[in-house]
>>> print(open('upload28.cif').read())   # mmCIF, N, CA and C atoms
data_protein
loop_
_atom_site.label_atom_id
_atom_site.label_comp_id
_atom_site.auth_asym_id
_atom_site.auth_seq_id
_atom_site.Cartn_x
_atom_site.Cartn_y
_atom_site.Cartn_z
N MET A 1 -29.20 -92.36 18.05
CA MET A 1 -29.68 -93.60 18.62
C MET A 1 -29.63 -94.69 17.58
N LEU A 2 -29.34 -95.90 17.99
CA LEU A 2 -29.26 -97.04 17.09
C LEU A 2 -30.65 -97.39 16.60
N PRO A 3 -30.83 -97.52 15.29
CA PRO A 3 -32.14 -97.89 14.79
C PRO A 3 -32.54 -99.27 15.27
N ALA A 4 -33.83 -99.49 15.30
CA ALA A 4 -34.34 -100.79 15.74
C ALA A 4 -33.84 -101.86 14.78
N LEU A 5 -33.29 -102.90 15.34
CA LEU A 5 -32.75 -103.99 14.55
C LEU A 5 -33.74 -105.15 14.60
N GLY A 6 -34.75 -105.12 13.78
CA GLY A 6 -35.73 -106.21 13.77
C GLY A 6 -36.38 -106.36 15.12
N GLN A 7 -37.01 -105.32 15.63
CA GLN A 7 -37.49 -105.28 17.01
C GLN A 7 -38.30 -106.49 17.43
N GLY A 8 -39.16 -106.97 16.58
CA GLY A 8 -40.03 -108.07 16.99
C GLY A 8 -39.28 -109.38 17.18
N SER A 9 -38.23 -109.59 16.45
CA SER A 9 -37.53 -110.87 16.51
C SER A 9 -36.03 -110.65 16.66
N SER A 10 -35.62 -109.85 17.64
CA SER A 10 -34.21 -109.55 17.84
C SER A 10 -33.46 -110.78 18.30
N THR A 11 -32.28 -110.95 17.74
CA THR A 11 -31.40 -112.03 18.18
C THR A 11 -30.69 -111.57 19.44
N PRO A 12 -30.11 -112.47 20.18
CA PRO A 12 -29.35 -112.05 21.36
C PRO A 12 -28.21 -111.10 21.02
N GLN A 13 -27.57 -111.29 19.85
CA GLN A 13 -26.49 -110.40 19.44
C GLN A 13 -27.02 -108.99 19.19
N GLU A 14 -28.18 -108.88 18.55
CA GLU A 14 -28.76 -107.56 18.29
C GLU A 14 -29.12 -106.86 19.60
N LYS A 15 -29.68 -107.61 20.53
CA LYS A 15 -30.03 -107.03 21.84
C LYS A 15 -28.77 -106.56 22.56
N ARG A 16 -27.73 -107.37 22.51
CA ARG A 16 -26.46 -107.00 23.17
C ARG A 16 -25.86 -105.76 22.51
N LEU A 17 -25.90 -105.71 21.19
CA LEU A 17 -25.37 -104.56 20.47
C LEU A 17 -26.13 -103.29 20.85
N ARG A 18 -27.46 -103.37 20.89
CA ARG A 18 -28.26 -102.20 21.29
C ARG A 18 -27.91 -101.76 22.70
N SER A 19 -27.75 -102.73 23.60
CA SER A 19 -27.42 -102.41 24.98
C SER A 19 -26.06 -101.73 25.08
N LEU A 20 -25.08 -102.28 24.40
CA LEU A 20 -23.74 -101.67 24.41
C LEU A 20 -23.76 -100.29 23.77
N PHE A 21 -24.50 -100.16 22.68
CA PHE A 21 -24.57 -98.88 21.97
C PHE A 21 -25.10 -97.79 22.90
N ARG A 22 -26.13 -98.10 23.67
CA ARG A 22 -26.74 -97.11 24.57
C ARG A 22 -25.78 -96.67 25.67
N GLU A 23 -24.81 -97.53 26.01
CA GLU A 23 -23.85 -97.21 27.07
C GLU A 23 -22.71 -96.32 26.58
N LEU A 24 -22.56 -96.18 25.28
CA LEU A 24 -21.46 -95.40 24.71
C LEU A 24 -21.76 -93.91 24.69
N SER A 25 -20.69 -93.13 24.68
CA SER A 25 -20.83 -91.68 24.52
C SER A 25 -21.28 -91.40 23.08
N ASP A 26 -21.75 -90.17 22.82
CA ASP A 26 -22.18 -89.80 21.46
C ASP A 26 -21.06 -90.00 20.46
N ARG A 27 -19.85 -89.63 20.85
CA ARG A 27 -18.69 -89.76 19.96
C ARG A 27 -18.42 -91.24 19.64
N ASP A 28 -18.46 -92.09 20.67
CA ASP A 28 -18.21 -93.50 20.46
C ASP A 28 -19.35 -94.15 19.65
N GLN A 29 -20.57 -93.68 19.85
CA GLN A 29 -21.68 -94.19 19.04
C GLN A 29 -21.44 -93.87 17.56
N ALA A 30 -20.99 -92.66 17.28
CA ALA A 30 -20.71 -92.27 15.90
C ALA A 30 -19.59 -93.13 15.31
N THR A 31 -18.57 -93.41 16.11
CA THR A 31 -17.46 -94.25 15.66
C THR A 31 -17.95 -95.67 15.37
N LEU A 32 -18.78 -96.20 16.25
CA LEU A 32 -19.31 -97.54 16.05
C LEU A 32 -20.15 -97.61 14.78
N LEU A 33 -20.96 -96.59 14.53
CA LEU A 33 -21.77 -96.57 13.32
C LEU A 33 -20.89 -96.52 12.07
N LYS A 34 -19.83 -95.71 12.10
CA LYS A 34 -18.91 -95.65 10.96
C LYS A 34 -18.26 -97.01 10.72
N PHE A 35 -17.87 -97.67 11.80
CA PHE A 35 -17.24 -98.98 11.66
C PHE A 35 -18.23 -100.00 11.10
N ALA A 36 -19.46 -99.95 11.58
CA ALA A 36 -20.49 -100.87 11.07
C ALA A 36 -20.75 -100.61 9.58
N GLU A 37 -20.77 -99.34 9.19
CA GLU A 37 -20.96 -99.01 7.77
C GLU A 37 -19.79 -99.51 6.94
N PHE A 38 -18.58 -99.40 7.49
CA PHE A 38 -17.41 -99.91 6.79
C PHE A 38 -17.51 -101.42 6.61
N LEU A 39 -17.86 -102.13 7.66
CA LEU A 39 -18.00 -103.58 7.57
C LEU A 39 -19.07 -103.97 6.57
N ALA A 40 -20.18 -103.26 6.58
CA ALA A 40 -21.27 -103.57 5.65
C ALA A 40 -20.82 -103.32 4.21
N SER A 41 -20.08 -102.25 3.98
CA SER A 41 -19.64 -101.95 2.61
C SER A 41 -18.58 -102.93 2.15
N SER A 42 -17.72 -103.40 3.05
CA SER A 42 -16.69 -104.35 2.63
C SER A 42 -17.29 -105.70 2.31
N SER A 43 -18.37 -106.07 2.98
CA SER A 43 -19.00 -107.34 2.63
C SER A 43 -19.70 -107.23 1.29
N THR A 44 -20.19 -106.04 0.95
CA THR A 44 -20.79 -105.82 -0.36
C THR A 44 -19.72 -105.86 -1.44
N ALA A 45 -18.54 -105.33 -1.12
CA ALA A 45 -17.45 -105.34 -2.09
C ALA A 45 -17.05 -106.76 -2.45
N GLU A 46 -17.13 -107.68 -1.50
CA GLU A 46 -16.81 -109.07 -1.79
C GLU A 46 -17.75 -109.65 -2.83
N THR A 47 -19.02 -109.28 -2.80
CA THR A 47 -19.96 -109.80 -3.79
C THR A 47 -19.74 -109.14 -5.15
N ASP A 48 -19.10 -107.97 -5.18
CA ASP A 48 -18.84 -107.29 -6.45
C ASP A 48 -17.67 -107.90 -7.21
N ILE A 49 -16.91 -108.78 -6.56
CA ILE A 49 -15.74 -109.37 -7.19
C ILE A 49 -16.11 -110.09 -8.48
N ASN A 50 -17.27 -110.70 -8.51
CA ASN A 50 -17.69 -111.43 -9.71
C ASN A 50 -18.21 -110.51 -10.80
N GLN A 51 -18.36 -109.25 -10.50
CA GLN A 51 -18.82 -108.28 -11.49
C GLN A 51 -17.67 -107.94 -12.44
N PRO A 52 -17.98 -107.61 -13.69
CA PRO A 52 -16.90 -107.20 -14.59
C PRO A 52 -16.29 -105.88 -14.13
N CYS A 53 -15.04 -105.71 -14.44
CA CYS A 53 -14.33 -104.47 -14.08
C CYS A 53 -14.98 -103.30 -14.81
N PRO A 54 -15.28 -102.22 -14.07
CA PRO A 54 -15.89 -101.06 -14.74
C PRO A 54 -14.94 -100.46 -15.77
N GLU A 55 -15.50 -100.07 -16.87
CA GLU A 55 -14.73 -99.46 -17.95
C GLU A 55 -14.88 -97.93 -17.87
N PRO A 56 -13.83 -97.21 -18.23
CA PRO A 56 -13.96 -95.75 -18.24
C PRO A 56 -14.84 -95.31 -19.40
N SER A 57 -15.54 -94.22 -19.20
CA SER A 57 -16.30 -93.62 -20.31
C SER A 57 -15.57 -92.33 -20.66
N LEU A 58 -14.64 -92.47 -21.59
CA LEU A 58 -13.74 -91.37 -21.92
C LEU A 58 -14.49 -90.23 -22.59
N LEU A 59 -14.39 -89.07 -21.96
CA LEU A 59 -14.99 -87.87 -22.53
C LEU A 59 -14.01 -87.25 -23.51
N GLU A 60 -14.54 -86.71 -24.57
CA GLU A 60 -13.69 -86.14 -25.63
C GLU A 60 -12.93 -84.92 -25.12
N ARG A 61 -11.68 -84.85 -25.53
CA ARG A 61 -10.84 -83.71 -25.15
C ARG A 61 -11.10 -82.56 -26.11
N PRO A 62 -11.53 -81.43 -25.56
CA PRO A 62 -11.75 -80.26 -26.42
C PRO A 62 -10.43 -79.74 -26.99
N PRO A 63 -10.49 -79.04 -28.11
CA PRO A 63 -9.26 -78.52 -28.72
C PRO A 63 -8.48 -77.58 -27.79
N THR A 64 -9.21 -76.74 -27.08
CA THR A 64 -8.55 -75.87 -26.09
C THR A 64 -9.16 -76.20 -24.74
N GLU A 65 -8.31 -76.56 -23.81
CA GLU A 65 -8.78 -76.99 -22.49
C GLU A 65 -7.76 -76.56 -21.46
N SER A 66 -8.24 -76.09 -20.32
CA SER A 66 -7.33 -75.74 -19.23
C SER A 66 -6.95 -77.02 -18.49
N VAL A 67 -5.89 -76.94 -17.73
CA VAL A 67 -5.43 -78.10 -16.96
C VAL A 67 -6.49 -78.48 -15.92
N VAL A 68 -7.09 -77.49 -15.29
CA VAL A 68 -8.13 -77.75 -14.28
C VAL A 68 -9.31 -78.48 -14.92
N LYS A 69 -9.75 -78.00 -16.07
CA LYS A 69 -10.88 -78.65 -16.75
C LYS A 69 -10.50 -80.05 -17.22
N ALA A 70 -9.25 -80.24 -17.60
CA ALA A 70 -8.79 -81.58 -18.00
C ALA A 70 -8.87 -82.55 -16.83
N ILE A 71 -8.46 -82.09 -15.66
CA ILE A 71 -8.53 -82.94 -14.47
C ILE A 71 -9.99 -83.30 -14.18
N LYS A 72 -10.89 -82.33 -14.27
CA LYS A 72 -12.31 -82.61 -14.05
C LYS A 72 -12.85 -83.59 -15.09
N ARG A 73 -12.44 -83.42 -16.35
CA ARG A 73 -12.89 -84.32 -17.41
C ARG A 73 -12.38 -85.74 -17.16
N LEU A 74 -11.12 -85.85 -16.77
CA LEU A 74 -10.55 -87.17 -16.52
C LEU A 74 -11.15 -87.83 -15.29
N ARG A 75 -11.45 -87.04 -14.26
CA ARG A 75 -12.13 -87.60 -13.07
C ARG A 75 -13.51 -88.14 -13.46
N ALA A 76 -14.20 -87.43 -14.34
CA ALA A 76 -15.51 -87.89 -14.80
C ALA A 76 -15.37 -89.11 -15.71
N SER A 77 -14.29 -89.20 -16.46
CA SER A 77 -14.05 -90.33 -17.35
C SER A 77 -13.67 -91.59 -16.59
N TYR A 78 -13.01 -91.42 -15.46
CA TYR A 78 -12.53 -92.54 -14.65
C TYR A 78 -13.10 -92.46 -13.23
N PRO A 79 -14.42 -92.56 -13.06
CA PRO A 79 -15.00 -92.40 -11.72
C PRO A 79 -14.62 -93.52 -10.76
N MET A 80 -14.14 -94.65 -11.29
CA MET A 80 -13.79 -95.77 -10.43
C MET A 80 -12.45 -95.59 -9.71
N LEU A 81 -11.66 -94.63 -10.15
CA LEU A 81 -10.34 -94.41 -9.54
C LEU A 81 -10.45 -93.54 -8.29
N SER A 82 -9.64 -93.86 -7.31
CA SER A 82 -9.64 -93.12 -6.06
C SER A 82 -9.01 -91.74 -6.25
N PRO A 83 -9.74 -90.68 -5.93
CA PRO A 83 -9.17 -89.34 -6.04
C PRO A 83 -7.94 -89.17 -5.15
N ASP A 84 -7.92 -89.85 -4.00
CA ASP A 84 -6.78 -89.73 -3.09
C ASP A 84 -5.50 -90.25 -3.72
N SER A 85 -5.60 -91.36 -4.46
CA SER A 85 -4.40 -91.93 -5.06
C SER A 85 -3.88 -91.07 -6.21
N LEU A 86 -4.76 -90.30 -6.82
CA LEU A 86 -4.37 -89.45 -7.95
C LEU A 86 -3.95 -88.05 -7.53
N LEU A 87 -4.12 -87.73 -6.27
CA LEU A 87 -3.85 -86.37 -5.80
C LEU A 87 -2.40 -85.94 -6.03
N SER A 88 -1.46 -86.76 -5.65
CA SER A 88 -0.05 -86.39 -5.78
C SER A 88 0.38 -86.20 -7.23
N PRO A 89 0.13 -87.18 -8.11
CA PRO A 89 0.59 -86.97 -9.49
C PRO A 89 -0.12 -85.82 -10.20
N THR A 90 -1.41 -85.62 -9.92
CA THR A 90 -2.12 -84.53 -10.60
C THR A 90 -1.66 -83.17 -10.06
N SER A 91 -1.43 -83.08 -8.76
CA SER A 91 -0.99 -81.79 -8.21
C SER A 91 0.45 -81.48 -8.65
N ASP A 92 1.29 -82.51 -8.80
CA ASP A 92 2.64 -82.28 -9.32
C ASP A 92 2.58 -81.71 -10.74
N LEU A 93 1.72 -82.29 -11.56
CA LEU A 93 1.59 -81.80 -12.93
C LEU A 93 0.98 -80.40 -12.97
N MET A 94 0.01 -80.15 -12.10
CA MET A 94 -0.59 -78.82 -12.03
C MET A 94 0.46 -77.79 -11.63
N ALA A 95 1.31 -78.15 -10.67
CA ALA A 95 2.38 -77.24 -10.24
C ALA A 95 3.37 -76.99 -11.38
N ALA A 96 3.67 -78.02 -12.15
CA ALA A 96 4.59 -77.84 -13.28
C ALA A 96 4.02 -76.85 -14.28
N HIS A 97 2.72 -76.83 -14.41
CA HIS A 97 2.07 -75.90 -15.32
C HIS A 97 2.01 -74.49 -14.70
N MET A 98 1.50 -74.41 -13.48
CA MET A 98 1.25 -73.11 -12.85
C MET A 98 2.55 -72.41 -12.40
N ILE A 99 3.46 -73.16 -11.83
CA ILE A 99 4.65 -72.55 -11.26
C ILE A 99 5.81 -72.51 -12.25
N LYS A 100 5.99 -73.60 -12.95
CA LYS A 100 7.13 -73.69 -13.85
C LYS A 100 6.81 -73.29 -15.29
N GLY A 101 5.53 -73.04 -15.57
CA GLY A 101 5.14 -72.57 -16.89
C GLY A 101 5.12 -73.63 -17.98
N ARG A 102 5.02 -74.86 -17.60
CA ARG A 102 4.95 -75.93 -18.60
C ARG A 102 3.66 -75.78 -19.39
N PRO A 103 3.70 -75.93 -20.72
CA PRO A 103 2.51 -75.74 -21.55
C PRO A 103 1.35 -76.68 -21.16
N ALA A 104 0.15 -76.13 -21.19
CA ALA A 104 -1.04 -76.88 -20.78
C ALA A 104 -1.21 -78.16 -21.59
N ASN A 105 -1.01 -78.10 -22.91
CA ASN A 105 -1.24 -79.30 -23.73
C ASN A 105 -0.30 -80.44 -23.34
N GLU A 106 0.95 -80.12 -22.96
CA GLU A 106 1.88 -81.16 -22.51
C GLU A 106 1.44 -81.75 -21.17
N VAL A 107 1.02 -80.88 -20.27
CA VAL A 107 0.57 -81.33 -18.95
C VAL A 107 -0.67 -82.20 -19.10
N ILE A 108 -1.59 -81.80 -19.97
CA ILE A 108 -2.81 -82.58 -20.18
C ILE A 108 -2.48 -83.94 -20.79
N ASP A 109 -1.53 -83.98 -21.72
CA ASP A 109 -1.09 -85.27 -22.26
C ASP A 109 -0.59 -86.18 -21.14
N ASP A 110 0.20 -85.62 -20.24
CA ASP A 110 0.72 -86.40 -19.12
C ASP A 110 -0.39 -86.81 -18.15
N LEU A 111 -1.34 -85.91 -17.92
CA LEU A 111 -2.48 -86.26 -17.05
C LEU A 111 -3.26 -87.44 -17.63
N GLU A 112 -3.47 -87.41 -18.93
CA GLU A 112 -4.20 -88.51 -19.57
C GLU A 112 -3.44 -89.82 -19.40
N LYS A 113 -2.12 -89.75 -19.49
CA LYS A 113 -1.30 -90.95 -19.29
C LYS A 113 -1.39 -91.43 -17.84
N VAL A 114 -1.33 -90.51 -16.89
CA VAL A 114 -1.42 -90.87 -15.47
C VAL A 114 -2.75 -91.59 -15.20
N PHE A 115 -3.84 -91.01 -15.67
CA PHE A 115 -5.15 -91.63 -15.43
C PHE A 115 -5.23 -93.01 -16.11
N ALA A 116 -4.73 -93.11 -17.33
CA ALA A 116 -4.76 -94.40 -18.03
C ALA A 116 -3.90 -95.44 -17.29
N ASP A 117 -2.74 -95.03 -16.80
CA ASP A 117 -1.87 -95.95 -16.06
C ASP A 117 -2.53 -96.40 -14.76
N TYR A 118 -3.13 -95.47 -14.03
CA TYR A 118 -3.81 -95.82 -12.79
C TYR A 118 -4.99 -96.74 -13.07
N TYR A 119 -5.66 -96.52 -14.18
CA TYR A 119 -6.77 -97.41 -14.54
C TYR A 119 -6.24 -98.82 -14.83
N GLN A 120 -5.12 -98.93 -15.50
CA GLN A 120 -4.54 -100.25 -15.79
C GLN A 120 -4.18 -100.97 -14.49
N GLN A 121 -3.66 -100.24 -13.51
CA GLN A 121 -3.37 -100.83 -12.20
C GLN A 121 -4.67 -101.28 -11.53
N PHE A 122 -5.68 -100.42 -11.59
CA PHE A 122 -6.99 -100.73 -11.01
C PHE A 122 -7.54 -102.01 -11.65
N LYS A 123 -7.46 -102.08 -12.97
CA LYS A 123 -7.98 -103.23 -13.70
C LYS A 123 -7.20 -104.51 -13.36
N ALA A 124 -5.89 -104.40 -13.23
CA ALA A 124 -5.05 -105.56 -12.88
C ALA A 124 -5.38 -106.09 -11.49
N ASN A 125 -5.78 -105.19 -10.60
CA ASN A 125 -6.11 -105.61 -9.22
C ASN A 125 -7.59 -105.93 -9.03
N TRP A 126 -8.39 -105.79 -10.06
CA TRP A 126 -9.82 -106.02 -9.95
C TRP A 126 -10.09 -107.47 -9.53
N GLY A 127 -10.96 -107.63 -8.57
CA GLY A 127 -11.35 -108.96 -8.14
C GLY A 127 -10.44 -109.56 -7.09
N GLN A 128 -9.34 -108.87 -6.76
CA GLN A 128 -8.47 -109.37 -5.71
C GLN A 128 -8.97 -108.86 -4.37
N PRO A 129 -8.84 -109.67 -3.33
CA PRO A 129 -9.29 -109.21 -2.02
C PRO A 129 -8.53 -107.97 -1.58
N LEU A 130 -9.22 -107.10 -0.86
CA LEU A 130 -8.61 -105.84 -0.40
C LEU A 130 -7.62 -106.09 0.71
#
>>> encode(input="upload28.cif", output="structure tokens")
Amino acid sequence: MLPALGQGSSTPQEKRLRSLFRELSDRDQATLLKFAEFLASSSTAETDINQPCPEPSLLERPPTESVVKAIKRLRASYPMLSPDSLLSPTSDLMAAHMIKGRPANEVIDDLEKVFADYYQQFKANWGQPL
């Protein structure tokens, strides 16, 4: 159910939204809520444009590290980067290590470069409208 939207002083738009919401199926109500959350988050993102670009907090690379642990370390070092955008290059490098036998230290070097490059792209696009 749609939460009360300022029940005592509802605007006509809020009343109309509540009325429409009640007429929707459960599935459509869930979709409407997701869309409203998306709109609310995008308006918040616009106010973040004036904020400085987040900097990575680079975690130290241990002398011996597995490729999986390196990916976890880099994800923690660059939390601002989208995991979806990094999925293809990281899985390609993981496959080169696991399937083709490429040495872990070389793959980790390349992973660090991938994350650094994606961060530079992120930083270059910071503050631009989505």
>>> closest_residue(input="upload28.cif", among="A:Leu33, A:Gln13, A:Pro79, A:Leu20", to="Phe115 in chain A", atoms="only C-alpha atoms")
A:Pro79
>>> closest_residue(input="upload28.cif", among="A:Val107, A:Met98, A:Val67, A:Cys53", to="Tyr119 in chain A", atoms="only C-alpha atoms")
A:Cys53
>>> atom_distance(input="upload28.cif", atom1="CA of Pro103 in chain A", atom2="CA of Ser82 in chain A")
26.3 Å
>>> atom_distance(input="upload28.cif", atom1="atom C of Pro83 in chain A", atom2="atom C of Ala70 in chain A")
13.5 Å
>>> resolve_selection(input="upload28.cif", expression="the PyMOL selection byres ((chain A and resi 74-77) around 5)", output="ChimeraX atom specification")
/A:56-59,70-73,78-79
>>> select_by_dssp(input="upload28.cif", residues="range 42-88 of chain A", states="alpha helix (DSSP H)", output="MDAnalysis selection string")
chainID A and resid 42:48 67:77 83:88
>>> residues_around(input="upload28.cif", residues="Pro63 in chain A", least_positions_apart="4", cutoff="12 Å", atoms="only C-alpha atoms", output="count of residues only")
4
>>> closest_residue(input="upload28.cif", among="A:Glu60, A:Asn50, A:Val68, A:Ser85", to="Gln121 in chain A", atoms="only C-alpha atoms")
A:Ser85
>>> atom_distance(input="upload28.cif", atom1="atom C of Glu112 in chain A", atom2="atom C of Ala124 in chain A")
18.2 Å
>>> closest_residue(input="upload28.cif", among="A:Gln29, A:Asn125, A:Phe38, A:Tyr118", to="Asp84 in chain A", atoms="only C-alpha atoms")
A:Tyr118
>>> build_atoms(input="upload28.cif", residues="range 99-109 of chain A", atoms="all heavy atoms", output="compact mmCIF listing (two decimals), keeping the file's coordinate frame")
# COMPACT_ATOMS: atom_id res chain seq x y z
N ILE A 99 3.46 -73.16 -11.83
CA ILE A 99 4.65 -72.55 -11.26
C ILE A 99 5.81 -72.51 -12.25
O ILE A 99 6.50 -71.50 -12.38
CB ILE A 99 5.06 -73.29 -9.97
CG1 ILE A 99 3.95 -73.14 -8.92
CG2 ILE A 99 6.38 -72.77 -9.43
CD1 ILE A 99 4.11 -74.00 -7.70
N LYS A 100 5.99 -73.60 -12.95
CA LYS A 100 7.13 -73.69 -13.85
C LYS A 100 6.81 -73.29 -15.29
O LYS A 100 7.68 -73.23 -16.13
CB LYS A 100 7.70 -75.11 -13.83
CG LYS A 100 8.23 -75.49 -12.45
CD LYS A 100 8.75 -76.90 -12.43
CE LYS A 100 9.22 -77.25 -11.02
NZ LYS A 100 9.63 -78.65 -10.93
N GLY A 101 5.53 -73.04 -15.57
CA GLY A 101 5.14 -72.57 -16.89
C GLY A 101 5.12 -73.63 -17.98
O GLY A 101 5.18 -73.29 -19.17
N ARG A 102 5.02 -74.86 -17.60
CA ARG A 102 4.95 -75.93 -18.60
C ARG A 102 3.66 -75.78 -19.39
O ARG A 102 2.59 -75.53 -18.83
CB ARG A 102 5.01 -77.28 -17.89
CG ARG A 102 5.18 -78.42 -18.82
CD ARG A 102 5.64 -79.67 -18.11
NE ARG A 102 5.60 -80.75 -19.05
CZ ARG A 102 5.18 -81.96 -18.78
NH1 ARG A 102 4.80 -82.27 -17.56
NH2 ARG A 102 5.17 -82.88 -19.71
N PRO A 103 3.70 -75.93 -20.72
CA PRO A 103 2.51 -75.74 -21.55
C PRO A 103 1.35 -76.68 -21.16
O PRO A 103 1.57 -77.86 -20.86
CB PRO A 103 2.99 -76.04 -22.97
CG PRO A 103 4.47 -75.87 -22.92
CD PRO A 103 4.89 -76.23 -21.54
N ALA A 104 0.15 -76.13 -21.19
CA ALA A 104 -1.04 -76.88 -20.78
C ALA A 104 -1.21 -78.16 -21.59
O ALA A 104 -1.54 -79.22 -21.02
CB ALA A 104 -2.28 -76.00 -20.90
N ASN A 105 -1.01 -78.10 -22.91
CA ASN A 105 -1.24 -79.30 -23.73
C ASN A 105 -0.30 -80.44 -23.34
O ASN A 105 -0.70 -81.60 -23.35
CB ASN A 105 -1.15 -78.98 -25.22
CG ASN A 105 0.19 -78.44 -25.65
OD1 ASN A 105 0.92 -77.86 -24.85
ND2 ASN A 105 0.52 -78.62 -26.91
N GLU A 106 0.95 -80.12 -22.96
CA GLU A 106 1.88 -81.16 -22.51
C GLU A 106 1.44 -81.75 -21.17
O GLU A 106 1.50 -82.96 -20.96
CB GLU A 106 3.29 -80.59 -22.36
CG GLU A 106 3.98 -80.26 -23.66
CD GLU A 106 5.37 -79.66 -23.42
OE1 GLU A 106 5.92 -79.78 -22.30
OE2 GLU A 106 5.91 -79.08 -24.39
N VAL A 107 1.02 -80.88 -20.27
CA VAL A 107 0.57 -81.33 -18.95
C VAL A 107 -0.67 -82.20 -19.10
O VAL A 107 -0.78 -83.25 -18.46
CB VAL A 107 0.32 -80.12 -18.02
CG1 VAL A 107 -0.36 -80.55 -16.73
CG2 VAL A 107 1.62 -79.39 -17.72
N ILE A 108 -1.59 -81.80 -19.97
CA ILE A 108 -2.81 -82.58 -20.18
C ILE A 108 -2.48 -83.94 -20.79
O ILE A 108 -3.06 -84.96 -20.39
CB ILE A 108 -3.83 -81.78 -21.03
CG1 ILE A 108 -4.31 -80.55 -20.24
CG2 ILE A 108 -5.01 -82.66 -21.43
CD1 ILE A 108 -5.10 -79.55 -21.06
N ASP A 109 -1.53 -83.98 -21.72
CA ASP A 109 -1.09 -85.27 -22.26
C ASP A 109 -0.59 -86.18 -21.14
O ASP A 109 -0.93 -87.37 -21.09
CB ASP A 109 0.03 -85.08 -23.29
CG ASP A 109 -0.43 -84.44 -24.60
OD1 ASP A 109 -1.65 -84.44 -24.87
OD2 ASP A 109 0.44 -83.93 -25.34
